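> File structure.cif below, mmCIF, C-alpha atoms and all ligand atoms:
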data_my_file
loop_
_atom_site.label_atom_id
_atom_site.label_comp_id
_atom_site.auth_asym_id
_atom_site.auth_seq_id
_atom_site.Cartn_x
_atom_site.Cartn_y
_atom_site.Cartn_z
CA MET L 20 43.32 90.55 156.16
CA THR L 21 43.44 89.94 159.91
CA THR L 22 46.61 88.58 161.46
CA ALA L 23 46.45 86.26 164.44
CA LYS L 24 47.20 87.79 167.80
CA ARG L 25 50.47 86.80 169.44
CA LYS L 26 49.85 84.55 172.41
CA VAL L 27 52.04 85.49 175.35
CA LEU L 28 52.21 83.77 178.72
CA VAL L 29 53.67 86.08 181.38
CA VAL L 30 55.11 83.95 184.18
CA PHE L 31 56.26 84.94 187.65
CA GLY L 32 56.36 83.48 191.13
CA THR L 33 57.93 85.75 193.74
CA ARG L 34 57.43 89.29 195.05
CA PRO L 35 60.16 91.02 193.02
CA GLU L 36 59.18 89.32 189.76
CA ALA L 37 55.59 90.37 190.33
CA ILE L 38 56.58 94.00 190.96
CA LYS L 39 58.64 93.99 187.77
CA MET L 40 56.10 92.12 185.60
CA ALA L 41 52.67 93.35 186.72
CA LEU L 42 52.48 96.52 184.61
CA LEU L 43 53.99 94.71 181.61
CA ALA L 44 51.34 91.99 181.88
CA LYS L 45 48.63 94.64 182.07
CA ALA L 46 50.02 96.49 179.04
CA LEU L 47 50.14 93.27 177.00
CA ARG L 48 46.62 92.32 178.03
CA ALA L 49 45.31 95.72 176.99
CA HIS L 50 47.09 95.66 173.61
CA PRO L 51 45.02 94.60 170.57
CA ASP L 52 47.92 92.66 168.99
CA PHE L 53 48.28 90.25 171.92
CA ASP L 54 46.37 87.49 173.58
CA ALA L 55 48.23 87.61 176.91
CA GLU L 56 47.64 85.70 180.12
CA VAL L 57 49.40 85.61 183.48
CA CYS L 58 50.60 82.41 185.13
CA VAL L 59 51.89 82.54 188.70
CA THR L 60 53.80 79.60 190.14
CA ALA L 61 53.22 81.10 193.59
CA GLN L 62 56.76 80.17 194.60
CA HIS L 63 55.86 82.91 197.11
CA ARG L 64 52.30 83.07 198.40
CA SER L 65 51.40 85.99 200.67
CA MET L 66 54.31 88.14 199.45
CA LEU L 67 53.15 87.55 195.87
CA ASP L 68 49.49 88.17 196.64
CA GLN L 69 50.38 91.56 198.18
CA VAL L 70 51.72 92.63 194.77
CA LEU L 71 48.86 91.14 192.73
CA ALA L 72 46.47 93.16 194.89
CA ILE L 73 48.09 96.57 194.50
CA PHE L 74 48.53 96.21 190.74
CA ASP L 75 45.14 94.52 190.38
CA VAL L 76 46.46 91.58 188.37
CA LYS L 77 44.32 88.45 188.17
CA PRO L 78 46.27 85.43 186.95
CA ARG L 79 44.52 83.00 184.65
CA PHE L 80 46.77 80.19 185.96
CA ASP L 81 47.86 79.85 189.60
CA LEU L 82 49.98 76.79 190.38
CA ASP L 83 49.92 77.59 194.12
CA LEU L 84 53.22 75.73 194.64
CA MET L 85 54.76 77.30 197.74
CA GLN L 86 55.68 74.98 200.60
CA GLN L 87 57.19 76.00 203.92
CA ASN L 88 61.01 76.12 203.84
CA GLN L 89 61.04 74.69 200.34
CA GLY L 90 64.22 73.14 198.93
CA LEU L 91 65.65 74.14 195.57
CA ALA L 92 65.53 70.72 193.89
CA ASP L 93 62.04 69.97 195.10
CA MET L 94 60.73 73.37 194.03
CA THR L 95 62.43 72.99 190.64
CA GLY L 96 60.63 69.69 190.01
CA ARG L 97 57.24 71.02 191.06
CA ILE L 98 57.55 74.18 188.92
CA LEU L 99 58.69 72.17 185.88
CA ASN L 100 55.72 69.83 186.06
CA GLY L 101 53.23 72.60 186.77
CA MET L 102 54.53 74.90 184.03
CA THR L 103 54.58 72.11 181.45
CA GLY L 104 50.87 71.54 182.05
CA VAL L 105 50.07 75.24 181.63
CA VAL L 106 52.19 75.62 178.48
CA ARG L 107 50.47 72.58 176.94
CA GLU L 108 47.05 73.97 177.79
CA PHE L 109 47.57 77.60 176.69
CA ARG L 110 50.03 76.90 173.82
CA PRO L 111 51.60 80.40 173.79
CA ASP L 112 53.87 81.72 171.05
CA TRP L 113 56.03 83.27 173.76
CA VAL L 114 56.70 82.64 177.42
CA LEU L 115 58.00 85.73 179.22
CA VAL L 116 60.07 85.26 182.38
CA GLN L 117 61.82 87.79 184.59
CA GLY L 118 65.09 87.88 186.47
CA ASP L 119 66.86 85.14 188.34
CA THR L 120 64.50 83.12 190.48
CA THR L 121 63.88 79.40 190.25
CA THR L 122 60.52 80.25 188.68
CA ALA L 123 62.24 82.24 185.92
CA PHE L 124 64.75 79.53 185.05
CA VAL L 125 62.36 76.60 185.27
CA ALA L 126 59.51 78.29 183.37
CA ALA L 127 62.02 78.98 180.58
CA LEU L 128 63.01 75.31 180.67
CA ALA L 129 59.38 74.17 180.48
CA ALA L 130 58.83 76.47 177.48
CA PHE L 131 61.95 75.09 175.78
CA TYR L 132 60.82 71.48 176.26
CA GLU L 133 57.55 72.44 174.56
CA LYS L 134 59.42 74.34 171.78
CA VAL L 135 57.88 77.67 172.78
CA SER L 136 59.98 80.85 172.37
CA VAL L 137 61.28 82.54 175.51
CA GLY L 138 61.62 86.24 176.31
CA HIS L 139 63.80 87.10 179.31
CA VAL L 140 63.12 90.39 181.09
CA GLU L 141 66.12 91.76 183.05
CA ALA L 142 68.53 89.65 181.01
CA GLY L 143 72.31 89.81 181.23
CA LEU L 144 72.95 90.62 184.90
CA ARG L 145 76.14 88.89 186.05
CA THR L 146 78.50 88.82 189.02
CA GLY L 147 80.70 86.17 187.41
CA HIS L 148 80.57 84.10 190.63
CA LYS L 149 78.72 80.81 190.39
CA TYR L 150 77.68 80.77 194.06
CA SER L 151 77.10 84.48 194.60
CA PRO L 152 74.27 85.22 194.65
CA PHE L 153 73.13 81.62 195.09
CA PRO L 154 71.33 80.24 193.16
CA GLU L 155 70.44 83.42 191.24
CA GLU L 156 73.66 83.80 189.24
CA MET L 157 73.15 80.37 187.67
CA ASN L 158 69.39 80.81 187.37
CA ARG L 159 69.84 83.83 185.14
CA LYS L 160 72.60 82.22 183.09
CA LEU L 161 70.51 79.10 182.58
CA ALA L 162 67.40 81.12 181.71
CA GLY L 163 69.55 83.13 179.30
CA ALA L 164 70.76 79.98 177.56
CA LEU L 165 67.13 79.12 176.76
CA THR L 166 66.14 82.65 175.70
CA ASP L 167 65.27 83.89 172.19
CA LEU L 168 64.64 87.55 173.08
CA HIS L 169 66.98 89.06 175.71
CA LEU L 170 65.54 92.22 177.26
CA ALA L 171 68.57 93.78 178.92
CA PRO L 172 67.96 96.57 181.44
CA THR L 173 71.24 98.39 180.79
CA GLU L 174 73.99 98.62 178.19
CA ARG L 175 76.30 96.80 180.60
CA ALA L 176 73.89 93.85 180.70
CA ARG L 177 73.77 93.84 176.89
CA GLN L 178 77.55 93.76 176.73
CA ALA L 179 77.65 90.80 179.15
CA LEU L 180 75.36 88.84 176.83
CA LEU L 181 77.37 89.74 173.74
CA ARG L 182 80.52 88.49 175.51
CA GLU L 183 78.70 85.18 175.94
CA ALA L 184 78.21 85.09 172.15
CA VAL L 185 74.48 85.82 172.17
CA PRO L 186 73.62 87.10 168.66
CA GLU L 187 73.38 90.89 168.68
CA GLU L 188 69.96 90.98 167.01
CA ARG L 189 68.48 89.02 169.91
CA VAL L 190 69.55 91.54 172.60
CA HIS L 191 67.80 94.84 173.27
CA VAL L 192 68.32 97.46 175.97
CA THR L 193 64.95 98.36 177.47
CA GLY L 194 65.65 99.80 180.93
CA ASN L 195 64.50 97.95 184.02
CA THR L 196 60.76 97.60 184.52
CA VAL L 197 61.30 98.18 188.26
CA VAL L 198 61.59 101.91 187.50
CA ASP L 199 58.20 101.84 185.72
CA ALA L 200 56.70 100.19 188.82
CA LEU L 201 58.40 102.57 191.23
CA LEU L 202 57.22 105.66 189.33
CA TRP L 203 53.69 104.27 189.16
CA VAL L 204 53.55 103.67 192.91
CA SER L 205 55.35 106.92 193.76
CA LYS L 206 52.76 108.87 191.78
CA LYS L 207 49.94 107.06 193.56
CA LEU L 208 51.56 108.00 196.85
CA ASP L 209 52.13 111.64 195.87
CA ASP L 210 48.57 112.05 194.53
CA ASP L 211 46.80 110.42 197.42
CA HIS L 212 46.87 112.56 200.53
CA ALA L 213 44.58 110.18 202.42
CA ALA L 214 46.80 107.18 201.66
CA ARG L 215 49.84 109.06 202.99
CA ALA L 216 47.97 110.06 206.13
CA ALA L 217 46.92 106.42 206.63
CA LEU L 218 50.55 105.33 206.28
CA ASP L 219 51.68 107.97 208.79
CA ALA L 220 49.15 106.46 211.20
CA ARG L 221 50.15 102.87 210.41
CA PHE L 222 53.81 103.67 211.11
CA SER L 223 53.15 105.93 214.08
CA MET L 224 55.65 103.85 216.07
CA LEU L 225 58.33 105.77 214.15
CA ASP L 226 59.46 108.88 215.98
CA PRO L 227 59.77 111.82 213.52
CA LYS L 228 62.59 113.21 215.68
CA ARG L 229 64.68 110.09 215.11
CA ARG L 230 66.56 108.98 212.01
CA MET L 231 65.20 105.74 210.54
CA ILE L 232 67.31 103.06 208.90
CA LEU L 233 65.29 100.72 206.67
CA VAL L 234 66.61 97.16 206.57
CA THR L 235 65.83 94.12 204.40
CA GLY L 236 67.68 90.84 203.87
CA HIS L 237 67.06 87.39 202.45
CA ARG L 238 70.00 86.02 200.43
CA ARG L 239 70.53 82.27 200.72
CA GLU L 240 74.35 82.63 200.68
CA SER L 241 74.06 84.66 203.92
CA PHE L 242 72.03 82.14 205.92
CA GLY L 243 73.63 81.18 209.25
CA LYS L 244 76.52 83.24 210.65
CA PRO L 245 76.39 86.16 208.17
CA PHE L 246 72.74 86.78 209.13
CA GLU L 247 73.63 86.59 212.84
CA ASP L 248 76.44 89.10 212.27
CA MET L 249 74.06 91.47 210.46
CA CYS L 250 71.49 91.27 213.27
CA ASN L 251 74.18 91.91 215.90
CA ALA L 252 75.37 94.91 213.89
CA PHE L 253 71.86 96.41 213.94
CA VAL L 254 71.75 96.11 217.75
CA ASP L 255 75.20 97.77 217.93
CA ILE L 256 73.99 100.69 215.77
CA VAL L 257 70.95 101.54 217.92
CA ARG L 258 73.13 101.17 221.01
CA ALA L 259 75.68 103.61 219.55
CA ARG L 260 73.23 106.36 218.52
CA ALA L 261 70.23 107.21 220.71
CA ASP L 262 68.42 109.17 217.98
CA VAL L 263 68.37 106.25 215.54
CA GLU L 264 65.72 103.60 214.96
CA ILE L 265 65.53 100.64 212.64
CA LEU L 266 62.53 99.47 210.70
CA TYR L 267 62.90 95.95 209.37
CA PRO L 268 60.14 94.18 207.38
CA VAL L 269 61.34 90.63 207.98
CA HIS L 270 61.29 88.26 205.00
CA LEU L 271 59.10 85.18 205.62
CA ASN L 272 61.86 82.67 204.84
CA PRO L 273 62.32 80.67 208.09
CA ASN L 274 66.11 80.93 207.67
CA VAL L 275 65.73 84.70 207.99
CA GLN L 276 63.11 84.64 210.72
CA ALA L 277 65.24 82.47 213.03
CA PRO L 278 68.24 84.81 213.57
CA VAL L 279 65.97 87.87 213.64
CA LYS L 280 63.91 86.32 216.44
CA ALA L 281 66.97 85.06 218.32
CA ILE L 282 68.95 88.31 218.18
CA LEU L 283 66.84 91.36 217.30
CA ALA L 284 63.58 90.36 218.99
CA ALA L 285 65.62 89.43 222.09
CA ALA L 286 67.59 92.70 222.28
CA PRO L 287 67.57 94.52 225.67
CA GLU L 288 64.31 96.49 226.11
CA GLU L 289 65.86 99.99 225.90
CA LEU L 290 67.24 99.07 222.44
CA ARG L 291 64.34 96.83 221.37
CA SER L 292 61.98 99.80 221.55
CA ARG L 293 63.92 101.37 218.67
CA ILE L 294 64.03 98.19 216.54
CA HIS L 295 60.71 97.77 214.73
CA LEU L 296 60.29 94.28 213.33
CA VAL L 297 57.27 94.02 211.02
CA ASP L 298 55.93 91.52 208.50
CA PRO L 299 56.77 92.14 204.82
CA VAL L 300 54.82 95.22 203.82
CA GLU L 301 52.90 95.82 200.59
CA TYR L 302 54.73 97.66 197.81
CA LEU L 303 53.09 101.07 198.36
CA PRO L 304 53.99 101.23 202.06
CA PHE L 305 57.45 99.93 201.27
CA VAL L 306 58.06 102.80 198.84
CA TYR L 307 56.72 105.19 201.51
CA LEU L 308 59.21 103.71 203.99
CA GLN L 309 62.08 104.03 201.52
CA LYS L 310 61.20 107.70 201.07
CA ARG L 311 61.07 108.19 204.85
CA ALA L 312 64.34 106.39 205.56
CA THR L 313 67.60 108.21 206.24
CA PHE L 314 69.34 105.37 204.46
CA ILE L 315 68.81 101.72 203.55
CA VAL L 316 70.74 98.56 204.44
CA THR L 317 69.82 95.68 202.15
CA ASP L 318 70.92 92.66 200.15
CA SER L 319 67.91 92.96 197.84
CA GLY L 320 68.34 93.32 194.09
CA GLY L 321 65.16 95.35 193.63
CA VAL L 322 65.86 97.68 196.53
CA GLN L 323 69.37 98.36 195.16
CA GLU L 324 67.65 99.50 191.96
CA GLU L 325 65.03 101.64 193.69
CA ALA L 326 67.18 103.44 196.26
CA PRO L 327 69.13 105.59 193.72
CA SER L 328 65.89 106.76 192.08
CA LEU L 329 64.70 107.90 195.50
CA GLY L 330 68.03 109.54 196.37
CA LYS L 331 68.64 107.23 199.34
CA PRO L 332 72.12 105.97 200.24
CA CYS L 333 72.17 102.19 200.07
CA LEU L 334 74.56 99.95 202.01
CA VAL L 335 74.57 96.54 200.33
CA THR L 336 75.24 93.61 202.65
CA ARG L 337 76.81 91.46 199.96
CA ASN L 338 80.31 90.79 198.66
CA ASP L 339 79.49 91.37 195.01
CA THR L 340 76.63 92.68 192.95
CA GLU L 341 75.23 92.15 189.48
CA ARG L 342 73.93 95.73 189.70
CA PRO L 343 77.17 97.76 189.91
CA GLU L 344 75.87 100.95 188.30
CA ALA L 345 74.85 102.64 191.58
CA VAL L 346 78.05 101.48 193.30
CA GLU L 347 80.08 103.10 190.52
CA ALA L 348 78.02 106.29 190.84
CA GLY L 349 78.81 106.35 194.58
CA THR L 350 75.23 106.13 195.89
CA ALA L 351 75.41 102.44 196.86
CA LYS L 352 78.26 100.72 198.67
CA LEU L 353 79.09 97.03 198.90
CA ILE L 354 79.89 96.37 202.55
CA GLY L 355 79.55 92.59 203.00
CA THR L 356 78.15 91.04 206.16
CA ASN L 357 80.95 91.68 208.66
CA ARG L 358 79.48 93.08 211.90
CA GLU L 359 82.11 95.80 212.51
CA ARG L 360 82.00 96.94 208.88
CA ILE L 361 78.20 97.33 208.89
CA VAL L 362 78.43 99.39 212.09
CA THR L 363 81.31 101.57 210.83
CA GLU L 364 79.67 102.30 207.47
CA SER L 365 76.32 103.07 209.09
CA LEU L 366 77.83 105.41 211.70
CA ARG L 367 79.74 107.19 208.95
CA LEU L 368 76.48 107.91 207.12
CA LEU L 369 74.90 109.06 210.38
CA ASP L 370 77.79 111.29 211.51
CA ASP L 371 79.46 112.63 208.37
CA GLU L 372 77.14 115.04 206.59
CA ALA L 373 79.35 115.50 203.52
CA HIS L 374 79.61 111.74 203.09
CA TYR L 375 75.83 111.38 203.49
CA ARG L 376 75.24 114.07 200.88
CA SER L 377 77.63 112.44 198.43
CA MET L 378 75.65 109.19 198.64
CA SER L 379 72.17 110.69 198.47
CA ARG L 380 72.15 112.00 194.93
CA ALA L 381 68.99 110.96 193.07
CA HIS L 382 69.69 109.27 189.71
CA ASN L 383 68.22 106.53 187.54
CA PRO L 384 70.99 104.21 186.33
CA TYR L 385 68.61 101.28 185.86
CA GLY L 386 65.84 102.73 183.73
CA ASP L 387 63.70 105.69 182.72
CA GLY L 388 60.19 104.37 183.36
CA LYS L 389 59.51 103.39 179.73
CA ALA L 390 60.81 99.82 179.77
CA ASN L 391 57.37 98.25 179.48
CA ASP L 392 56.51 100.26 176.34
CA ARG L 393 59.77 99.16 174.72
CA ILE L 394 59.22 95.51 175.60
CA VAL L 395 55.67 95.52 174.23
CA GLU L 396 56.92 97.05 170.98
CA LEU L 397 59.76 94.52 170.66
CA LEU L 398 57.41 91.62 171.29
CA ARG L 399 55.12 92.71 168.45
CA THR L 400 57.75 91.83 165.87
CA ALA L 401 60.22 89.55 167.67
CA LYS L 402 61.24 86.37 165.86
CA GLY L 403 61.17 83.17 167.84
CA SER L 404 63.22 80.11 166.98
C1 LIG C 501 63.22 83.80 196.47
C2 LIG C 501 64.17 83.66 195.29
C3 LIG C 501 65.18 84.80 195.28
C4 LIG C 501 64.49 86.15 195.36
C5 LIG C 501 63.56 86.17 196.57
C6 LIG C 501 62.79 87.45 196.64
C7 LIG C 501 64.83 81.45 194.46
C8 LIG C 501 65.62 80.24 194.70
N1 LIG C 501 64.88 82.40 195.41
O1 LIG C 501 63.98 83.62 197.66
O2 LIG C 501 65.95 84.74 194.08
O3 LIG C 501 65.47 87.15 195.46
O4 LIG C 501 62.63 85.08 196.47
O5 LIG C 501 62.19 87.62 197.90
O6 LIG C 501 64.16 81.54 193.46
N2 LIG C 501 57.72 82.24 202.40
C9 LIG C 501 56.46 82.37 202.93
N3 LIG C 501 55.55 83.20 202.29
C10 LIG C 501 55.87 83.90 201.18
C11 LIG C 501 57.17 83.79 200.67
C12 LIG C 501 58.08 82.94 201.28
O7 LIG C 501 56.13 81.76 203.93
O8 LIG C 501 55.01 84.62 200.67
C13 LIG C 501 58.69 81.31 203.05
C14 LIG C 501 58.32 79.84 202.80
O9 LIG C 501 58.64 79.08 203.93
C15 LIG C 501 59.25 79.48 201.64
C16 LIG C 501 60.48 80.25 202.03
O10 LIG C 501 59.99 81.50 202.52
O11 LIG C 501 59.49 78.08 201.53
C17 LIG C 501 61.48 80.46 200.93
O12 LIG C 501 60.89 80.91 199.73
P1 LIG C 501 61.74 80.78 198.36
O13 LIG C 501 60.98 81.40 197.26
O14 LIG C 501 62.22 79.38 198.19
O15 LIG C 501 63.07 81.60 198.67
P2 LIG C 501 63.28 83.12 199.00
O16 LIG C 501 64.31 83.20 200.06
O17 LIG C 501 61.98 83.76 199.21
N1 LIG C 502 59.56 95.13 198.93
C1 LIG C 502 58.24 95.24 199.37
N2 LIG C 502 57.97 95.00 200.70
C2 LIG C 502 58.94 94.69 201.60
C3 LIG C 502 60.28 94.57 201.13
C4 LIG C 502 60.55 94.80 199.80
O1 LIG C 502 57.34 95.54 198.60
O2 LIG C 502 58.62 94.49 202.78
C5 LIG C 502 59.84 95.33 197.49
C6 LIG C 502 60.97 96.27 197.14
O3 LIG C 502 60.53 97.60 196.99
C7 LIG C 502 61.51 95.69 195.83
C8 LIG C 502 61.21 94.21 195.95
O4 LIG C 502 60.23 94.07 196.97
O5 LIG C 502 60.80 96.18 194.71
C9 LIG C 502 62.45 93.43 196.29
O6 LIG C 502 62.12 92.15 196.64
P1 LIG C 502 63.13 91.17 197.39
O7 LIG C 502 64.11 91.97 198.18
O8 LIG C 502 62.31 90.17 198.10
O9 LIG C 502 63.83 90.40 196.19
P2 LIG C 502 65.08 90.70 195.23
O10 LIG C 502 64.84 91.99 194.56
O11 LIG C 502 66.32 90.68 196.07
O12 LIG C 502 65.07 89.55 194.28
#
Show me the file's structure as structure tokens.

Amino acid sequence: MTTAKRKVLVVFGTRPEAIKMALLAKALRAHPDFDAEVCVTAQHRSMLDQVLAIFDVKPRFDLDLMQQNQGLADMTGRILNGMTGVVREFRPDWVLVQGDTTTAFVAALAAFYEKVSVGHVEAGLRTGHKYSPFPEEMNRKLAGALTDLHLAPTERARQALLREAVPEERVHVTGNTVVDALLWVSKKLDDDHAARAALDARFSMLDPKRRMILVTGHRRESFGKPFEDMCNAFVDIVRARADVEILYPVHLNPNVQAPVKAILAAAPEELRSRIHLVDPVEYLPFVYLQKRATFIVTDSGGVQEEAPSLGKPCLVTRNDTERPEAVEAGTAKLIGTNRERIVTESLRLLDDEAHYRSMSRAHNPYGDGKANDRIVELLRTAKGS
């Protein structure tokens, strides 16, 4: 007797979702028990395409929805309509979403309206603050409310879901798929001498005699003054230490680009030469840069998860985090967006060797690189509703 294959639609829209879903989508597609397809909303365009290219993922459905400086309500409406069409056409048994973006929440909603079961990858992350991060905290709670199979990255995330009265049999700890992706790319980097040499050449503006701080930032709750304060802090840091340079792949959101152009690009020439502003880089070069960095300053969720695996101290420019494991282990520190605080904490890492060492211990609190295998196995037998 042959049993029908499970039809799974793997949905994502932004760079981090793609990084965390690409290998899972490939594993499902290669598995004989599944008929799996990828749908991208393209909430991001070029930053998404960079990831599709490195993981060689070809979506069957591409809604191509990104608009410049898109608003939340507008994007929500467009994703809901687009996803409903795809779900009606493909008629999956399961829709799989990831994380806390508008794509994740709205794709889950579209599946629910069509009475299709939902699996949520990276379920159960919480800060407990409705507006921080905004709108991600509510996106993941709302996606969770629509979810039949909660794939929690850590035991802490599982506990958060149980506290919200999610039935125990619907929650499973899998590890975070970001670690699977990071190990995959790290191995590629380690094995490929030529690729590393090409990256050395591409980033030849970095002076090996200087210490490099890698910076990223994009949170909506920090738009406006907090972003200006962060940019001013970066100028202060290169002014304070002559052997330090900053490499900052600037997110394409216009609300990020504006303060970066106004403050960092306009810094006095003697400092500007040590502030390297580049476009978002592909995942492989970004992992190379993380490995090369002395430390990282970021508000990114994914980077907070990667830095501990790479043994890099991580200063988190946010007031709270849904990923507290590295903070508790002492390798990440929540420092907010205050200009003086960012400077003080950075100079401490630069000047105090013992402090630097205490924050640069390599550990993997978010996963062990086998999350995708566990998720595939769970999906083989999971009960929908
Ligand atoms: C989105 C997610 C956020 C996630 C982040 C990862 C929401 C509401 N926000 O934030 O949770 O942490 O992605 O980076 O889901 N843009 C481009 N090209 C691109 C990508 C973005 O030009 O490839 C510009 C566009 O003008 C776009 C704007 O950035 O309108 C904002 O994109 P959007 O996805 O709405 O928000 P992000 O800040 O990227
Ligand atoms: N990243 C990348 N290129 C960059 C900056 C980040 O490939 O120029 C990767 C990073 O390694 C991590 C992910 O993108 O895996 C994080 O994405 P982002 O910060 O945009 O979103 P978040 O994780 O905060 O949702």
> Could you list the protein, DNA and RNA residues that have any atom within 6 Å of ligand LIG 501 (chain C), counting all atoms listed in the file, and write them as a ChimeraX atom specification?
/L:33-35,62-67,86-89,119-121,154-155,237,271-273
> Mind checking which residues fall within 10 Å of Ser365 of chain L, counting all atoms listed in the file, ignoring those fewer than 4 positions away in the same chain, and posting them as an MDAnalysis selection string?
chainID L and resid 232 252:253 256 314:316 333:334 359:361 369:370
> Quote the spacing between atom CA of Leu170 of chain L and atom CA of Val190 of chain L in Å to one decimal place.
6.2 Å
> Using only C-alpha atoms, what residues lie at most 7 Å away from (76.6, 105.9, 194.4) (file coordinates), given as a PDB file with C-alpha atoms, in the coordinates of the input?

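Final output, selection05.pdb:
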ATOM      1  CA  ALA L 345      74.850 102.640 191.580  1.00  0.00           C
ATOM      2  CA  VAL L 346      78.050 101.480 193.300  1.00  0.00           C
ATOM      3  CA  GLU L 347      80.080 103.100 190.520  1.00  0.00           C
ATOM      4  CA  ALA L 348      78.020 106.290 190.840  1.00  0.00           C
ATOM      5  CA  GLY L 349      78.810 106.350 194.580  1.00  0.00           C
ATOM      6  CA  THR L 350      75.230 106.130 195.890  1.00  0.00           C
ATOM      7  CA  ALA L 351      75.410 102.440 196.860  1.00  0.00           C
ATOM      8  CA  LYS L 352      78.260 100.720 198.670  1.00  0.00           C
ATOM      9  CA  MET L 378      75.650 109.190 198.640  1.00  0.00           C
TER      10      MET L 378
END
> With distances taken over all atoms listed in the file, which of L:Asp75, L:Asp209, L:Glu133, L:Glu156 is nearest to ligand LIG 502 (chain C)?
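Looking at the shortest contact to ligand LIG 502 (chain C), the residue is L:Glu156.
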> If you count only C-alpha atoms and all ligand atoms, which residues end up within 9 Å of ligand LIG 502 (chain C), as number ranges by chain?
L: 33-39, 66, 69-70, 118-120, 155, 197, 200-201, 234-238, 267-270, 297-306, 309, 317-326
> Considering only C-alpha atoms, state which residue in the set L:Lys228, L:Val204, L:Leu233, L:Met94 is at the smallest distance from Leu82 of chain L.
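Selected residue with least distance to Leu82 of chain L: L:Met94.
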> Skip Thr103 of chain L itself and residues of its chain fewer than 5 positions away, then list as a PyMOL selection string all residues within 12 Å of it, counting all atoms listed in the file.
chain L and resi 58+60+82+96-98+108-111+114+125-135
> Which residues, protein or nucleic acid, reach to within 9 Å of (72.6, 82.4, 184.3) in the file's coordinates when using only C-alpha atoms, and can you give that as JSON, numbers by chain?
{"L": [119, 124, 142, 143, 144, 145, 149, 155, 156, 157, 158, 159, 160, 161, 162, 163, 164]}
> So which one's closest to Leu218 of chain L, L:Arg239, L:Arg311, L:Gly386, L:Val263? Using all atoms listed in the file, please.
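Closest residue, counting all atoms listed in the file: L:Arg311.
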> Since the input lacks some atoms of segment 224-238 of chain L, please model N, CA and C atoms and print them as a JSON list (two decimals), keeping the file's coordinate frame.

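Contents of part_39.json, freshly written:
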[["chain", "number", "residue", "atom", "x", "y", "z"],
["L", 224, "MET", "N", 54.60, 104.24, 215.12],
["L", 224, "MET", "CA", 55.65, 103.85, 216.07],
["L", 224, "MET", "C", 56.98, 104.51, 215.74],
["L", 225, "LEU", "N", 57.10, 105.06, 214.50],
["L", 225, "LEU", "CA", 58.33, 105.77, 214.15],
["L", 225, "LEU", "C", 58.27, 107.16, 214.75],
["L", 226, "ASP", "N", 59.39, 107.57, 215.36],
["L", 226, "ASP", "CA", 59.46, 108.88, 215.98],
["L", 226, "ASP", "C", 60.04, 109.87, 214.96],
["L", 227, "PRO", "N", 59.27, 110.90, 214.55],
["L", 227, "PRO", "CA", 59.77, 111.82, 213.52],
["L", 227, "PRO", "C", 61.07, 112.52, 213.94],
["L", 228, "LYS", "N", 61.36, 112.55, 215.23],
["L", 228, "LYS", "CA", 62.59, 113.21, 215.68],
["L", 228, "LYS", "C", 63.82, 112.30, 215.53],
["L", 229, "ARG", "N", 63.55, 111.01, 215.26],
["L", 229, "ARG", "CA", 64.68, 110.09, 215.11],
["L", 229, "ARG", "C", 64.98, 109.84, 213.64],
["L", 230, "ARG", "N", 66.19, 109.36, 213.37],
["L", 230, "ARG", "CA", 66.56, 108.98, 212.01],
["L", 230, "ARG", "C", 66.28, 107.48, 211.84],
["L", 231, "MET", "N", 65.62, 107.14, 210.73],
["L", 231, "MET", "CA", 65.20, 105.74, 210.54],
["L", 231, "MET", "C", 66.07, 105.04, 209.49],
["L", 232, "ILE", "N", 66.58, 103.90, 209.86],
["L", 232, "ILE", "CA", 67.31, 103.06, 208.90],
["L", 232, "ILE", "C", 66.37, 101.93, 208.50],
["L", 233, "LEU", "N", 66.16, 101.79, 207.18],
["L", 233, "LEU", "CA", 65.29, 100.72, 206.67],
["L", 233, "LEU", "C", 66.17, 99.54, 206.29],
["L", 234, "VAL", "N", 65.78, 98.36, 206.77],
["L", 234, "VAL", "CA", 66.61, 97.16, 206.57],
["L", 234, "VAL", "C", 65.79, 96.08, 205.86],
["L", 235, "THR", "N", 66.41, 95.39, 204.88],
["L", 235, "THR", "CA", 65.83, 94.12, 204.40],
["L", 235, "THR", "C", 66.98, 93.14, 204.16],
["L", 236, "GLY", "N", 66.64, 91.84, 204.12],
["L", 236, "GLY", "CA", 67.68, 90.84, 203.87],
["L", 236, "GLY", "C", 67.07, 89.47, 203.63],
["L", 237, "HIS", "N", 67.61, 88.73, 202.68],
["L", 237, "HIS", "CA", 67.06, 87.39, 202.45],
["L", 237, "HIS", "C", 67.97, 86.44, 201.67],
["L", 238, "ARG", "N", 69.20, 86.84, 201.36],
["L", 238, "ARG", "CA", 70.00, 86.02, 200.43],
["L", 238, "ARG", "C", 70.39, 84.69, 201.05]]
